[in-house]
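Here's target-v1.tsv, which has TSV, C-alpha atoms:
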```tsv
chain	number	residue	atom	x	y	z
A	23	MET	CA	-10.15	-6.67	-21.11
A	24	LYS	CA	-11.49	-10.05	-22.01
A	25	SER	CA	-14.40	-11.46	-20.07
A	26	ASN	CA	-13.47	-13.23	-16.89
A	27	ALA	CA	-15.48	-16.34	-17.68
A	28	LEU	CA	-12.47	-18.52	-16.87
A	29	ILE	CA	-11.88	-17.10	-13.43
A	30	LYS	CA	-14.18	-18.60	-10.83
A	31	ALA	CA	-14.79	-17.29	-7.30
A	32	TRP	CA	-13.98	-19.47	-4.31
A	33	LYS	CA	-16.66	-20.70	-1.93
A	34	THR	CA	-16.28	-19.91	1.78
A	35	ILE	CA	-17.21	-23.02	3.80
A	36	SER	CA	-16.61	-21.52	7.25
A	37	SER	CA	-14.88	-18.61	8.98
A	38	SER	CA	-13.59	-18.16	12.50
A	39	VAL	CA	-11.90	-15.34	14.35
A	40	VAL	CA	-8.53	-16.69	15.49
A	41	PHE	CA	-7.08	-13.48	16.95
A	42	GLU	CA	-8.69	-10.24	18.05
A	43	ALA	CA	-7.31	-7.02	19.51
A	44	ASN	CA	-10.16	-4.53	19.42
A	45	PRO	CA	-10.40	-2.10	17.73
A	46	TRP	CA	-7.08	-2.52	15.96
A	47	LEU	CA	-6.87	-5.95	14.50
A	48	LYS	CA	-8.82	-9.11	13.82
A	49	ILE	CA	-7.48	-12.26	12.13
A	50	ILE	CA	-10.03	-14.47	10.42
A	51	GLN	CA	-9.30	-18.01	9.29
A	52	ASP	CA	-11.39	-19.17	6.35
A	53	THR	CA	-11.98	-22.66	5.09
A	54	VAL	CA	-12.55	-22.29	1.35
A	55	GLU	CA	-13.43	-24.54	-1.55
A	56	LEU	CA	-11.43	-23.81	-4.71
A	57	PRO	CA	-13.04	-24.07	-8.19
A	58	ASN	CA	-11.48	-27.55	-8.59
A	59	LYS	CA	-13.26	-28.61	-5.34
A	60	ARG	CA	-10.08	-28.79	-3.27
A	61	ILE	CA	-10.61	-27.60	0.32
A	62	VAL	CA	-8.08	-25.19	1.87
A	63	ASP	CA	-8.58	-24.72	5.59
A	64	ASP	CA	-6.00	-22.06	6.44
A	65	TYR	CA	-6.70	-18.94	4.43
A	66	TYR	CA	-6.12	-15.93	6.69
A	67	ARG	CA	-7.68	-12.52	6.29
A	68	ILE	CA	-6.94	-9.44	8.39
A	69	GLU	CA	-9.51	-6.87	9.42
A	70	THR	CA	-8.32	-3.40	10.37
A	71	GLN	CA	-9.92	0.02	10.51
A	72	ASP	CA	-10.34	1.99	7.30
A	73	TYR	CA	-8.29	5.16	7.17
A	74	VAL	CA	-7.87	8.44	5.32
A	75	LEU	CA	-4.72	9.94	3.82
A	76	ILE	CA	-4.38	13.59	2.82
A	77	TYR	CA	-2.18	15.31	0.25
A	78	ALA	CA	-2.52	18.97	1.30
A	79	LYS	CA	-1.03	21.57	-1.06
A	80	SER	CA	-0.13	25.18	-0.29
A	81	ASN	CA	-0.74	27.96	-2.83
A	82	GLU	CA	3.00	27.81	-3.61
A	83	GLY	CA	2.76	24.11	-4.52
A	84	LYS	CA	4.43	22.83	-1.37
A	85	VAL	CA	3.03	19.80	0.42
A	86	LEU	CA	2.10	19.52	4.09
A	87	VAL	CA	4.05	16.67	5.70
A	88	GLU	CA	4.67	15.33	9.16
A	89	ARG	CA	7.79	13.92	10.65
A	90	GLN	CA	7.02	11.28	13.25
A	91	TYR	CA	8.35	8.17	14.92
A	92	LYS	CA	6.62	5.08	13.52
A	93	HIS	CA	7.08	2.17	15.91
A	94	GLY	CA	6.20	-0.46	13.28
A	95	LEU	CA	9.01	0.90	11.13
A	96	GLY	CA	11.20	1.49	14.19
A	97	LYS	CA	12.35	4.94	13.11
A	98	THR	CA	11.39	8.54	12.45
A	99	THR	CA	10.00	9.05	8.98
A	100	ILE	CA	8.11	11.50	6.79
A	101	THR	CA	4.38	10.84	6.60
A	102	PHE	CA	1.30	12.65	5.33
A	103	PRO	CA	-1.68	13.64	7.47
A	104	ALA	CA	-3.71	10.47	8.04
A	105	GLY	CA	-5.86	8.66	10.52
A	106	PHE	CA	-8.42	5.98	11.20
A	107	ILE	CA	-12.05	6.65	10.39
A	108	ASP	CA	-14.27	6.66	13.48
A	109	LYS	CA	-17.30	4.39	13.65
A	110	ASP	CA	-20.13	5.75	11.44
A	111	GLU	CA	-17.92	8.63	10.30
A	112	LYS	CA	-17.83	9.62	6.60
A	113	PRO	CA	-14.35	9.41	5.01
A	114	LEU	CA	-14.38	13.10	4.01
A	115	HIS	CA	-15.27	14.13	7.54
A	116	ALA	CA	-12.48	11.96	8.93
A	117	ALA	CA	-10.03	13.60	6.51
A	118	GLN	CA	-11.11	17.10	7.55
A	119	ARG	CA	-10.95	16.16	11.24
A	120	GLU	CA	-7.51	14.52	11.00
A	121	LEU	CA	-6.02	17.39	9.00
A	122	LEU	CA	-7.23	19.88	11.59
A	123	GLU	CA	-6.24	17.77	14.62
A	124	GLU	CA	-2.78	16.88	13.35
A	125	THR	CA	-1.74	20.10	11.62
A	126	GLY	CA	-4.17	22.91	12.59
A	127	PHE	CA	-5.06	23.49	8.92
A	128	GLN	CA	-8.47	23.66	7.28
A	129	ALA	CA	-8.88	23.32	3.48
A	130	ARG	CA	-11.34	25.11	1.22
A	131	THR	CA	-11.31	22.49	-1.58
A	132	TRP	CA	-11.32	18.70	-1.24
A	133	LYS	CA	-10.88	16.18	-4.06
A	134	HIS	CA	-11.32	12.42	-3.74
A	135	LEU	CA	-8.36	10.67	-5.39
A	136	GLY	CA	-9.67	7.15	-4.92
A	137	THR	CA	-10.27	4.41	-2.39
A	138	PHE	CA	-7.78	1.57	-2.40
A	139	ILE	CA	-7.14	-1.76	-0.65
A	140	LEU	CA	-3.59	-2.17	0.65
A	141	ASP	CA	-3.47	-5.96	0.27
A	142	GLY	CA	-6.06	-7.92	-1.72
A	143	THR	CA	-4.73	-11.26	-0.54
A	144	ARG	CA	-5.50	-10.58	3.14
A	145	ASN	CA	-7.97	-7.72	2.47
A	146	TYR	CA	-5.76	-5.63	4.73
A	147	GLY	CA	-6.55	-1.94	5.08
A	148	LYS	CA	-8.87	0.24	3.05
A	149	ALA	CA	-7.54	3.75	2.42
A	150	HIS	CA	-9.44	6.81	1.19
A	151	TYR	CA	-7.10	9.29	-0.52
A	152	PHE	CA	-7.85	13.02	-0.65
A	153	ILE	CA	-6.25	16.17	-2.06
A	154	ALA	CA	-6.82	19.29	0.06
A	155	GLU	CA	-6.22	22.79	-1.30
A	156	GLY	CA	-6.77	26.35	-0.14
A	157	LEU	CA	-5.23	25.88	3.30
A	158	ASP	CA	-5.89	28.15	6.28
A	159	TYR	CA	-4.15	27.72	9.62
A	160	ILE	CA	-6.97	28.06	12.15
A	161	ALA	CA	-5.96	26.24	15.34
A	162	GLU	CA	-3.08	24.77	17.33
A	163	PRO	CA	-2.57	21.08	16.43
A	164	GLN	CA	-3.79	18.69	19.11
A	165	LYS	CA	-1.02	16.98	21.04
A	166	SER	CA	-0.90	13.19	21.43
A	167	ASP	CA	1.85	11.26	23.17
A	168	MET	CA	1.30	8.33	20.76
A	169	GLU	CA	1.78	10.61	17.79
A	170	GLU	CA	4.35	13.34	18.33
A	171	LEU	CA	4.45	15.30	15.09
A	172	GLU	CA	6.66	17.92	13.50
A	173	VAL	CA	4.62	19.59	10.75
A	174	SER	CA	6.22	21.36	7.77
A	175	PHE	CA	5.83	22.10	4.05
A	176	LEU	CA	8.13	20.40	1.53
A	177	SER	CA	8.56	21.10	-2.18
A	178	ILE	CA	8.18	18.26	-4.69
A	179	ASP	CA	11.98	18.21	-5.15
A	180	GLU	CA	12.47	17.88	-1.40
A	181	LEU	CA	9.95	15.02	-1.31
A	182	LEU	CA	11.73	13.22	-4.18
A	183	SER	CA	15.08	13.52	-2.45
A	184	ALA	CA	13.49	12.26	0.79
A	185	ILE	CA	12.36	9.16	-1.14
A	186	ALA	CA	15.84	8.71	-2.65
A	187	GLN	CA	17.38	8.97	0.83
A	188	GLY	CA	14.94	6.56	2.46
A	189	GLU	CA	13.37	9.24	4.68
A	190	LEU	CA	10.04	8.58	2.99
A	191	SER	CA	9.59	4.83	2.46
A	192	LEU	CA	5.96	4.17	3.38
A	193	LEU	CA	3.85	3.17	0.40
A	194	PRO	CA	0.75	5.20	1.35
A	195	GLY	CA	2.67	8.49	1.31
A	196	ILE	CA	4.69	7.67	-1.80
A	197	SER	CA	1.60	6.46	-3.66
A	198	ILE	CA	-0.58	9.48	-2.80
A	199	MET	CA	2.22	11.71	-4.07
A	200	ALA	CA	2.70	9.59	-7.22
A	201	ILE	CA	-1.03	9.68	-7.99
A	202	ALA	CA	-1.58	13.35	-7.10
A	203	THR	CA	1.32	14.54	-9.29
A	204	ASN	CA	0.69	12.16	-12.22
A	205	PRO	CA	-1.00	13.90	-15.18
A	206	LEU	CA	-2.54	10.58	-16.29
A	207	PHE	CA	-4.50	10.31	-13.05
A	208	GLU	CA	-5.93	13.84	-13.17
A	209	LYS	CA	-9.19	12.83	-14.77
A	210	LEU	CA	-9.82	10.36	-11.93
A	211	GLN	CA	-9.85	13.19	-9.37
A	212	LYS	CA	-13.31	14.26	-8.21
A	213	ILE	CA	-13.98	17.57	-6.50
A	214	ILE	CA	-16.30	16.80	-3.63
A	215	GLU	CA	-16.62	20.04	-1.72
B	7	MET	CA	13.38	19.44	6.32
B	8	LYS	CA	14.12	20.62	9.81
B	9	SER	CA	16.11	18.40	12.12
B	10	ASN	CA	14.09	15.81	13.95
B	11	ALA	CA	15.49	16.72	17.35
B	12	LEU	CA	11.99	16.96	18.77
B	13	ILE	CA	10.90	13.51	17.67
B	14	LYS	CA	12.11	10.81	20.01
B	15	ALA	CA	12.08	7.06	19.37
B	16	TRP	CA	10.07	4.76	21.64
B	17	LYS	CA	11.74	2.14	23.80
B	18	THR	CA	10.63	-1.49	23.44
B	19	ILE	CA	10.32	-3.05	26.90
B	20	SER	CA	9.21	-6.49	25.77
B	21	SER	CA	7.78	-8.33	22.76
B	22	SER	CA	5.77	-11.51	22.46
B	23	VAL	CA	4.30	-13.46	19.56
B	24	VAL	CA	0.54	-13.58	20.16
B	25	PHE	CA	-0.50	-15.26	16.91
B	26	GLU	CA	1.43	-17.28	14.36
B	27	ALA	CA	0.45	-18.98	11.10
B	28	ASN	CA	3.69	-19.96	9.45
B	29	PRO	CA	4.88	-18.85	6.95
B	30	TRP	CA	2.10	-16.36	6.28
B	31	LEU	CA	1.54	-14.27	9.33
B	32	LYS	CA	2.88	-13.45	12.76
B	33	ILE	CA	1.35	-10.95	15.21
B	34	ILE	CA	3.72	-9.45	17.76
B	35	GLN	CA	2.54	-7.55	20.82
B	36	ASP	CA	5.03	-4.96	22.07
B	37	THR	CA	5.14	-3.23	25.41
B	38	VAL	CA	6.70	0.17	24.71
B	39	GLU	CA	7.77	3.18	26.71
B	40	LEU	CA	6.84	6.49	25.10
B	41	PRO	CA	9.17	9.53	25.30
B	42	ASN	CA	7.04	10.90	28.19
B	43	LYS	CA	7.68	7.60	30.07
B	44	ARG	CA	4.10	6.33	29.71
B	45	ILE	CA	3.96	2.57	29.17
B	46	VAL	CA	1.73	1.17	26.41
B	47	ASP	CA	1.36	-2.61	26.57
B	48	ASP	CA	-0.72	-3.36	23.48
B	49	TYR	CA	1.14	-2.16	20.42
B	50	TYR	CA	0.66	-4.77	17.68
B	51	ARG	CA	2.98	-5.35	14.75
B	52	ILE	CA	2.40	-7.78	11.88
B	53	GLU	CA	5.11	-9.81	10.21
B	54	THR	CA	4.50	-11.10	6.70
B	55	GLN	CA	6.71	-12.22	3.84
B	56	ASP	CA	8.34	-9.59	1.65
B	57	TYR	CA	7.12	-9.62	-1.91
B	58	VAL	CA	7.89	-8.37	-5.40
B	59	LEU	CA	5.63	-6.53	-7.84
B	60	ILE	CA	6.35	-6.18	-11.54
B	61	TYR	CA	5.29	-3.57	-14.11
B	62	ALA	CA	6.14	-5.34	-17.37
B	63	LYS	CA	5.88	-3.24	-20.54
B	64	SER	CA	5.62	-4.46	-24.13
B	65	ASN	CA	7.42	-2.66	-26.97
B	66	GLU	CA	4.06	-1.09	-27.89
B	67	GLY	CA	3.73	0.42	-24.39
B	68	LYS	CA	1.08	-2.00	-23.17
B	69	VAL	CA	1.29	-3.45	-19.68
B	70	LEU	CA	1.17	-7.11	-18.70
B	71	VAL	CA	-1.69	-7.71	-16.27
B	72	GLU	CA	-3.43	-10.65	-14.68
B	73	ARG	CA	-7.07	-11.13	-13.92
B	74	GLN	CA	-7.57	-13.30	-10.87
B	75	TYR	CA	-9.91	-14.03	-7.99
B	76	LYS	CA	-8.58	-12.49	-4.78
B	77	HIS	CA	-10.23	-14.15	-1.81
B	78	GLY	CA	-9.31	-11.33	0.60
B	79	LEU	CA	-11.11	-8.91	-1.70
B	80	GLY	CA	-13.84	-11.47	-2.41
B	81	LYS	CA	-13.91	-10.84	-6.14
B	82	THR	CA	-12.07	-11.08	-9.45
B	83	THR	CA	-9.76	-8.14	-10.03
B	84	ILE	CA	-6.90	-6.91	-12.19
B	85	THR	CA	-3.47	-7.40	-10.64
B	86	PHE	CA	0.14	-7.20	-11.76
B	87	PRO	CA	2.63	-10.08	-11.68
B	88	ALA	CA	3.72	-10.47	-8.06
B	89	GLY	CA	4.74	-12.98	-5.46
B	90	PHE	CA	6.38	-13.67	-2.14
B	91	ILE	CA	10.17	-13.80	-1.96
B	92	ASP	CA	11.47	-17.23	-1.01
B	93	LYS	CA	13.80	-17.62	1.96
B	94	ASP	CA	17.33	-16.37	1.08
B	95	GLU	CA	16.15	-15.33	-2.40
B	96	LYS	CA	17.22	-11.97	-3.85
B	97	PRO	CA	14.30	-9.65	-4.74
B	98	LEU	CA	15.37	-9.38	-8.41
B	99	HIS	CA	15.54	-13.16	-8.71
B	100	ALA	CA	12.09	-13.48	-7.15
B	101	ALA	CA	10.73	-10.94	-9.65
B	102	GLN	CA	12.25	-12.82	-12.59
B	103	ARG	CA	10.96	-16.15	-11.25
B	104	GLU	CA	7.42	-14.88	-10.58
B	105	LEU	CA	7.14	-13.18	-13.98
B	106	LEU	CA	8.15	-16.39	-15.73
B	107	GLU	CA	6.00	-18.68	-13.55
B	108	GLU	CA	2.86	-16.57	-13.74
B	109	THR	CA	3.02	-15.28	-17.32
B	110	GLY	CA	5.67	-17.24	-19.27
B	111	PHE	CA	7.56	-14.02	-20.07
B	112	GLN	CA	11.23	-13.22	-19.58
B	113	ALA	CA	12.51	-9.62	-19.64
B	114	ARG	CA	15.79	-8.30	-21.02
B	115	THR	CA	15.90	-5.13	-18.89
B	116	TRP	CA	15.02	-4.73	-15.22
B	117	LYS	CA	14.79	-1.48	-13.29
B	118	HIS	CA	14.31	-1.17	-9.53
B	119	LEU	CA	11.57	1.37	-8.81
B	120	GLY	CA	11.93	1.30	-5.06
B	121	THR	CA	11.26	-0.75	-1.93
B	122	PHE	CA	8.30	0.32	0.16
B	123	ILE	CA	6.52	-0.58	3.41
B	124	LEU	CA	2.76	-0.99	3.07
B	125	ASP	CA	1.94	0.10	6.61
B	126	GLY	CA	4.45	1.82	8.90
B	127	THR	CA	2.18	1.59	11.92
B	128	ARG	CA	2.13	-2.23	11.95
B	129	ASN	CA	5.23	-2.64	9.73
B	130	TYR	CA	3.03	-4.71	7.48
B	131	GLY	CA	4.47	-5.92	4.18
B	132	LYS	CA	7.65	-4.88	2.41
B	133	ALA	CA	7.31	-4.63	-1.38
B	134	HIS	CA	10.08	-4.44	-3.99
B	135	TYR	CA	8.83	-2.75	-7.17
B	136	PHE	CA	10.38	-3.51	-10.58
B	137	ILE	CA	9.89	-2.39	-14.18
B	138	ALA	CA	10.56	-5.14	-16.75
B	139	GLU	CA	11.10	-4.35	-20.43
B	140	GLY	CA	12.08	-6.25	-23.55
B	141	LEU	CA	9.66	-9.13	-23.05
B	142	ASP	CA	10.01	-12.55	-24.66
B	143	TYR	CA	7.43	-15.29	-24.26
B	144	ILE	CA	9.51	-18.39	-23.55
B	145	ALA	CA	7.36	-20.89	-21.65
B	146	GLU	CA	3.83	-21.90	-20.70
B	147	PRO	CA	2.77	-20.24	-17.42
B	148	GLN	CA	2.73	-22.63	-14.46
B	149	LYS	CA	-0.73	-23.55	-13.29
B	150	SER	CA	-1.76	-23.21	-9.63
B	151	ASP	CA	-5.21	-23.92	-8.26
B	152	MET	CA	-4.72	-21.19	-5.62
B	153	GLU	CA	-3.91	-18.66	-8.31
B	154	GLU	CA	-5.90	-19.12	-11.52
B	155	LEU	CA	-4.75	-16.35	-13.84
B	156	GLU	CA	-5.88	-14.84	-17.11
B	157	VAL	CA	-2.89	-12.97	-18.55
B	158	SER	CA	-3.25	-10.11	-21.03
B	159	PHE	CA	-1.78	-6.77	-22.13
B	160	LEU	CA	-3.67	-3.52	-21.41
B	161	SER	CA	-3.00	-0.01	-22.67
B	162	ILE	CA	-2.60	2.85	-20.18
B	163	ASP	CA	-6.08	4.11	-21.14
B	164	GLU	CA	-7.56	0.68	-20.48
B	165	LEU	CA	-5.82	0.60	-17.08
B	166	LEU	CA	-7.15	4.06	-16.18
B	167	SER	CA	-10.68	3.07	-17.08
B	168	ALA	CA	-10.28	-0.16	-15.05
B	169	ILE	CA	-9.40	2.04	-12.05
B	170	ALA	CA	-12.39	4.32	-12.70
B	171	GLN	CA	-14.67	1.26	-12.88
B	172	GLY	CA	-13.29	-0.37	-9.74
B	173	GLU	CA	-11.81	-3.34	-11.63
B	174	LEU	CA	-8.37	-2.31	-10.38
B	175	SER	CA	-8.62	-1.20	-6.74
B	176	LEU	CA	-5.58	-2.74	-5.06
B	177	LEU	CA	-3.04	-0.16	-3.94
B	178	PRO	CA	0.08	-2.11	-5.00
B	179	GLY	CA	-1.02	-2.27	-8.65
B	180	ILE	CA	-2.31	1.30	-8.77
B	181	SER	CA	0.81	2.63	-7.08
B	182	ILE	CA	3.30	0.79	-9.30
B	183	MET	CA	1.45	2.19	-12.32
B	184	ALA	CA	1.35	5.71	-10.82
B	185	ILE	CA	5.08	5.62	-10.05
B	186	ALA	CA	6.17	3.97	-13.33
B	187	THR	CA	4.25	6.46	-15.48
B	188	ASN	CA	5.07	9.58	-13.42
B	189	PRO	CA	7.80	11.73	-15.05
B	190	LEU	CA	8.81	13.10	-11.62
B	191	PHE	CA	9.79	9.62	-10.44
B	192	GLU	CA	11.93	8.77	-13.49
B	193	LYS	CA	15.20	9.79	-11.90
B	194	LEU	CA	14.54	7.40	-8.99
B	195	GLN	CA	14.53	4.39	-11.36
B	196	LYS	CA	17.70	2.34	-11.37
B	197	ILE	CA	18.63	-0.06	-14.16
B	198	ILE	CA	19.92	-3.16	-12.44
B	199	GLU	CA	20.41	-5.66	-15.21
```

Just dump the structure as C-alpha cells.
Amino acid sequence: MKSNALIKAWKTISSSVVFEANPWLKIIQDTVELPNKRIVDDYYRIETQDYVLIYAKSNEGKVLVERQYKHGLGKTTITFPAGFIDKDEKPLHAAQRELLEETGFQARTWKHLGTFILDGTRNYGKAHYFIAEGLDYIAEPQKSDMEELEVSFLSIDELLSAIAQGELSLLPGISIMAIATNPLFEKLQKIIE
Amino acid sequence: MKSNALIKAWKTISSSVVFEANPWLKIIQDTVELPNKRIVDDYYRIETQDYVLIYAKSNEGKVLVERQYKHGLGKTTITFPAGFIDKDEKPLHAAQRELLEETGFQARTWKHLGTFILDGTRNYGKAHYFIAEGLDYIAEPQKSDMEELEVSFLSIDELLSAIAQGELSLLPGISIMAIATNPLFEKLQKIIE
C-alpha cells in the first residue's frame, strides 16, 4: 500500500448529542472542518454497545445456531449466539457468558477471529468475533421473553442453503461463517484460552 | 432445521419517529407486544439508506481498494468501492455508477454475492454485495471533498496483512472479501450481466 500522505484527517469543531436512549443508542452530531477548510455541520455518528458473536463448532463439524424472531428484521431468522458486552466486561468473558446463557454450552477452546466495525461512516457497532470448540452442555439455557430461542446444530451445507433461501440474511452471522470457514483467514485466528 | 412453531412474532402496537436527519438517518420507537403479552414501549429501530459494496478484481487477481479518511472511525482506512443507492435506483446500477465515479473503472462482468442486513436488532443498513470483473479504466474518478480517495490494487496477501495490522477493520470490506474468496460460497454467486 502506498503511503497515505494525500489523505488528510478531518478536524472536529464541535459535537453534540442529539438523541439518546440509554443504554441502547446515542446519536451525535459533529461539526467538522474538511481538509479544504469547508465546514460541514451535520455529520452524524451513532454510538451503540459493543457486542460479541460466537461460531461454536461441534466435534462433528456442525455449527450451533439459534432461530429467533428479530423485531428489526420483522421475522424469524437464523442467528448465531451473540450479545452485548456488559460495562467493564472483557469481550471473551461476554462471549463465554452469552454462549452459556443462550445455549447452555461451555467451550474448552476459544479463538479470537477479529474485532470489526459494522459501519465506518457512522462508527456503528463494534463486534468481537470468536470461534468456540470442544462444547459441553452443562446447564439449561436461560429464558428471556425478549429473546425466545430455538437452539440447534446445522451442517455447513444446511447453513449455505439457509443463506440461499433467505433464512440467514444478517451480515454478522454470514460474515462469521465466511471468515471461520475461509482457509485464507486461518492464520488470522488466535487461540486465546 | 426444525420448524419454528415455537418462535412467535411480536405485534407492533404503535410506531413513532423520534429522530430524523434526512436523508441519512431516522430513529423509530416501537411499542411492541411480546408473545407472552408483555408490552415493551422502547424498542428502537434505525432507518438508513441501502448501499452497494463492490469487490472488483483485476485479471491478475488483485483487488481494487480505496484508502480514505472515515470520520466515524476517526482515521484513514482501507475500504472497497461503495455508496448509497439513489432513490428508485436499481442496486446493480448503483454499483456500476459508484465504481465508475470513485475509481474510473467499468466492469464487463457483474455477479451478485448477496444482500445482507448489517444489524437485525435495529434493522440497520441493507447492503448489496457485488463482484466486478473484466475491468477497464475509462474515466478520471470524480472528486469529492467529503470522500478523498486514493485508489490502488492490492493482492490477497496484502489485504490479509492489512487486516492483521488493523488497516482494514470495517466489517463490510472484510466480509465481502471473506465471502468472495471462500470456495463454499461460490455456488451462491449469480452472474447478472

Subject >> Exercise: B:Leu106 partners within 10 Å, all atoms listed in the file, chain neighbours under 6 positions left out, as a list of chain:residue names >> reply: B:Pro87, B:Ala100, B:Gln112, B:Ala113, B:Asp142, B:Tyr143, B:Ile144, B:Ala145, B:Glu146, B:Pro147, B:Gln148

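Atom pair atom CA of A:Leu181 / atom CA of B:Gly126 has a distance of 17.6 Å (rounded to one decimal).
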
Original post:
So, counting all atoms listed in the file, which residue among B:Thr127, B:Ser21, B:Leu166, B:Ile185 is closest to A:Thr70?
Top reply: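 So, comparing all the options, the nearest one is B:Thr127.
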
**OP:** Find the spatial neighbours of B:Thr121, counting all atoms listed in the file, within a cut-off of 12 Å - ignore same-chain residues fewer than 6 positions away - and output them as a ChimeraX atom specification.
**Re:** /A:185-188,190-193,196 /B:56-59,97-98,131-136,178,182,194-196

For the residues in that selection, give me C-alpha atoms as an mmCIF file, in the frame of the given file.
```cif
data_model
loop_
_atom_site.group_PDB
_atom_site.id
_atom_site.type_symbol
_atom_site.label_atom_id
_atom_site.label_comp_id
_atom_site.auth_asym_id
_atom_site.auth_seq_id
_atom_site.Cartn_x
_atom_site.Cartn_y
_atom_site.Cartn_z
ATOM 1 C CA ILE A 185 12.360 9.160 -1.140
ATOM 2 C CA ALA A 186 15.840 8.710 -2.650
ATOM 3 C CA GLN A 187 17.380 8.970 0.830
ATOM 4 C CA GLY A 188 14.940 6.560 2.460
ATOM 5 C CA LEU A 190 10.040 8.580 2.990
ATOM 6 C CA SER A 191 9.590 4.830 2.460
ATOM 7 C CA LEU A 192 5.960 4.170 3.380
ATOM 8 C CA LEU A 193 3.850 3.170 0.400
ATOM 9 C CA ILE A 196 4.690 7.670 -1.800
ATOM 10 C CA ASP B 56 8.340 -9.590 1.650
ATOM 11 C CA TYR B 57 7.120 -9.620 -1.910
ATOM 12 C CA VAL B 58 7.890 -8.370 -5.400
ATOM 13 C CA LEU B 59 5.630 -6.530 -7.840
ATOM 14 C CA PRO B 97 14.300 -9.650 -4.740
ATOM 15 C CA LEU B 98 15.370 -9.380 -8.410
ATOM 16 C CA GLY B 131 4.470 -5.920 4.180
ATOM 17 C CA LYS B 132 7.650 -4.880 2.410
ATOM 18 C CA ALA B 133 7.310 -4.630 -1.380
ATOM 19 C CA HIS B 134 10.080 -4.440 -3.990
ATOM 20 C CA TYR B 135 8.830 -2.750 -7.170
ATOM 21 C CA PHE B 136 10.380 -3.510 -10.580
ATOM 22 C CA PRO B 178 0.080 -2.110 -5.000
ATOM 23 C CA ILE B 182 3.300 0.790 -9.300
ATOM 24 C CA LEU B 194 14.540 7.400 -8.990
ATOM 25 C CA GLN B 195 14.530 4.390 -11.360
ATOM 26 C CA LYS B 196 17.700 2.340 -11.370
#
```

Original post:
Counting only C-alpha atoms, which residues from chain A have an atom at most 7 Å from any atom of chain B, and could you show them as a PyMOL selection string?
Top reply: chain A and resi 29-32+41+67+90-95+97+138-145+170+186+191-194+197+200-201+204+210

Can you sort out the box for stretch 148-166 of chain A, edges along x, y and z, all listed atoms in, 3 Å on every side, with centre and edge lengths in Å to one decimal, as lines of an AutoDock Vina configuration file?
```
center_x = -5.2
center_y = 14.2
center_z = 9.7
size_x = 14.5
size_y = 33.9
size_z = 29.5
```

Original post:
What separation in Å, quoted to one decimal, exists between atom CA of A:Ile76 and atom CA of A:Gly105?
Top reply: 9.3 Å

Subject >> Straight-line distance linking atom CA of A:Glu155 with atom CA of A:Glu111, stated in Å to one decimal >> reply: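 Computed distance, atom CA of A:Glu155 to atom CA of A:Glu111, equals 21.7 Å.
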
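Applying the 8 Å criterion to (-1.2, 19.2, -3.4) in file coordinates and using only C-alpha atoms, one obtains the residues Tyr77, Ala78, Lys79, Ser80, Gly83, Lys84, Val85, Ile153, Ala154, Glu155, Ala202 and Thr203 of chain A.
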
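Using only C-alpha atoms, the nearest neighbour of B:Glu104 within the list B:Ala88, B:Leu70, B:Ile34, B:Ile45 is B:Ala88.
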